[in-house]
Amino acid sequence: QPYQWRNRTVTDCYEPGSTIKAFLLAAALDRGIVSPQTMFFCEKGEYRVGRHVIHDHDDEGHGLLTVSEIVKVSSNIGAVKMGEVLGYKTFCGYLEKFGFGSETQIDLIGERQGFIRPEKEAKEIDKATLSFGQGMSTSSIQLVMAMAAIANGGKLMRPFVVKAIKDQ
């Protein structure tokens, strides 16, 4: 079947959601605007951004959380507040350095680049929701490559299918 011929790892893009919080924290730590002990008040589960209300997904909501706890419990509100301190333009720059929004250059056909909304097109709510991975898109190979960079001390390694052919 033709619909089965594509390699979904490189051709299909989706909103990465809360996996982006790891990159938000990495950017904030790298810029020196937070330490692992920096705390944000997570509004007990509801935070207004313009006309919209951001929610955390657990019933009780959270009070003060460290940035490490924000990632651990996946607090959307904590992420938005960290993103506000970091700044949208700066965060987008870090996402691009992690390889989001451009092809990985892996040697497979059909790779898509994903999407990060340019600052001039981003509304206040778009800037907030980017902090928890909504309003952007990525492929699985981009996400794996970026997460590997975190595990690799920040060094982004381009993926490849075959490094070398040693013998016949």
# chains A, B, ... in the order shown; residues from 1 in each chain; ligands from 1
$ residues_around --residues "His55 in chain A" --least-positions-apart "5" --cutoff "12 Å" --atoms "only C-alpha atoms" --output "list in words"
Cys42, Glu43, Lys44, Gly45, Glu46, Tyr47, Arg48, Val49, Glu60, Gly61, His62, Ser74, Ser75, Asn76, Ile77, Gly78, Ala79, Val80, Ala128, Thr129 and Phe132 of chain A
$ select_by_dssp --residues "chain A" --states "strand (DSSP E or B)" --output "number ranges by chain"
A: 13-14, 39-41, 43, 46-49, 52-55, 62, 64-66, 115-116, 136-139
$ select_by_dssp --residues "range 15-159 of chain A" --states "alpha helix (DSSP H)" --output "ChimeraX atom specification"
/A:21-31,67-73,76-86,88-97,124-129,140-151
$ residues_around --residues "range 30-34 of chain A" --least-positions-apart "5" --cutoff "12 Å" --atoms "only C-alpha atoms" --output "PDB file with C-alpha atoms, in the first residue's frame"
ATOM      1  CA  PHE A  23      14.774  22.019  26.052  1.00  0.00           C
ATOM      2  CA  LEU A  24      13.193  25.026  27.752  1.00  0.00           C
ATOM      3  CA  LEU A  25      15.000  24.149  30.980  1.00  0.00           C
ATOM      4  CA  MET A  39      11.303  28.372  42.039  1.00  0.00           C
ATOM      5  CA  PHE A  40       8.167  29.535  40.249  1.00  0.00           C
ATOM      6  CA  THR A  66      11.670  24.316  41.414  1.00  0.00           C
ATOM      7  CA  VAL A  67      12.467  24.288  37.700  1.00  0.00           C
ATOM      8  CA  SER A  68      13.514  20.656  38.085  1.00  0.00           C
ATOM      9  CA  LYS A  81       6.535  31.286  33.561  1.00  0.00           C
ATOM     10  CA  MET A  82      10.043  29.998  32.823  1.00  0.00           C
ATOM     11  CA  GLY A  83       9.451  30.778  29.140  1.00  0.00           C
ATOM     12  CA  GLU A  84       8.352  34.312  29.982  1.00  0.00           C
ATOM     13  CA  VAL A  85      11.639  34.915  31.812  1.00  0.00           C
ATOM     14  CA  LEU A  86      13.688  33.320  29.008  1.00  0.00           C
ATOM     15  CA  GLY A  87      11.805  35.163  26.241  1.00  0.00           C
ATOM     16  CA  THR A  90      15.650  33.437  22.813  1.00  0.00           C
ATOM     17  CA  PHE A  91      13.763  30.160  23.247  1.00  0.00           C
ATOM     18  CA  GLY A  93      16.865  30.438  18.937  1.00  0.00           C
ATOM     19  CA  TYR A  94      17.673  27.572  21.272  1.00  0.00           C
ATOM     20  CA  ILE A 150      21.074  16.979  25.959  1.00  0.00           C
ATOM     21  CA  GLY A 153      26.484  17.503  26.992  1.00  0.00           C
ATOM     22  CA  GLY A 154      24.854  19.875  24.504  1.00  0.00           C
TER      23      GLY A 154
END
$ closest_residue --among "A:Ile116, A:Ala28, A:Ala164, A:Leu108" --to "Asn7 in chain A" --atoms "only C-alpha atoms"
A:Leu108
$ residues_around --residues "Val161 in chain A" --least-positions-apart "3" --cutoff "12 Å" --atoms "only C-alpha atoms" --output "list in words"
Thr104, Gln105, Ile106, Asp107, Leu108, Ile109, Ile141, Arg158, Ala164 and Ile165 of chain A
$ atom_distance --atom1 "CA of Phe160 in chain A" --atom2 "CA of Gly110 in chain A"
14.6 Å
$ atom_distance --atom1 "CA of Ile20 in chain A" --atom2 "CA of Ser131 in chain A"
7.0 Å
$ residues_around --residues "Tyr14 in chain A" --least-positions-apart "2" --cutoff "8 Å" --atoms "only C-alpha atoms" --output "list in words"
Asp12, Pro16, Met136, Ser137, Thr138 and Ser139 of chain A
$ closest_residue --among "A:Val10, A:Met157, A:Val73, A:Ala151" --to "Asp58 in chain A" --atoms "only C-alpha atoms"
A:Val73
$ atom_distance --atom1 "CA of Met145 in chain A" --atom2 "CA of Lys72 in chain A"
21.1 Å
$ closest_residue --among "A:Tyr88, A:Thr9, A:Gly63, A:Gln1" --to "Asp126 in chain A" --atoms "only C-alpha atoms"
A:Tyr88
$ residues_around --residues "Glu119 in chain A" --least-positions-apart "6" --cutoff "9 Å" --atoms "only C-alpha atoms" --output "number ranges by chain"
A: 88-89, 92, 127
$ write_last_selection --atoms "N, CA, C and O atoms" --output "tab-separated table (two decimals), in the first residue's frame"
chain	number	residue	atom	x	y	z
A	88	TYR	N	10.58	34.61	24.26
A	88	TYR	CA	10.19	33.81	23.10
A	88	TYR	C	11.30	33.74	22.05
A	88	TYR	O	11.64	32.66	21.56
A	89	LYS	N	11.85	34.88	21.71
A	89	LYS	CA	12.88	34.92	20.67
A	89	LYS	C	14.10	34.09	21.07
A	89	LYS	O	14.64	33.32	20.27
A	92	CYS	N	13.16	30.36	20.89
A	92	CYS	CA	13.15	29.91	19.50
A	92	CYS	C	14.57	29.70	18.98
A	92	CYS	O	14.84	28.72	18.27
A	127	LYS	N	3.17	32.44	22.24
A	127	LYS	CA	4.44	32.52	22.96
A	127	LYS	C	4.38	31.70	24.24
A	127	LYS	O	5.36	31.06	24.62
$ closest_residue --among "A:His52, A:Arg6, A:Lys163, A:Lys155" --to "Phe98 in chain A" --atoms "only C-alpha atoms"
A:Lys155
$ closest_residue --among "A:Ala22, A:Cys13, A:Ile54, A:Leu65" --to "Ala146 in chain A" --atoms "only C-alpha atoms"
A:Ala22
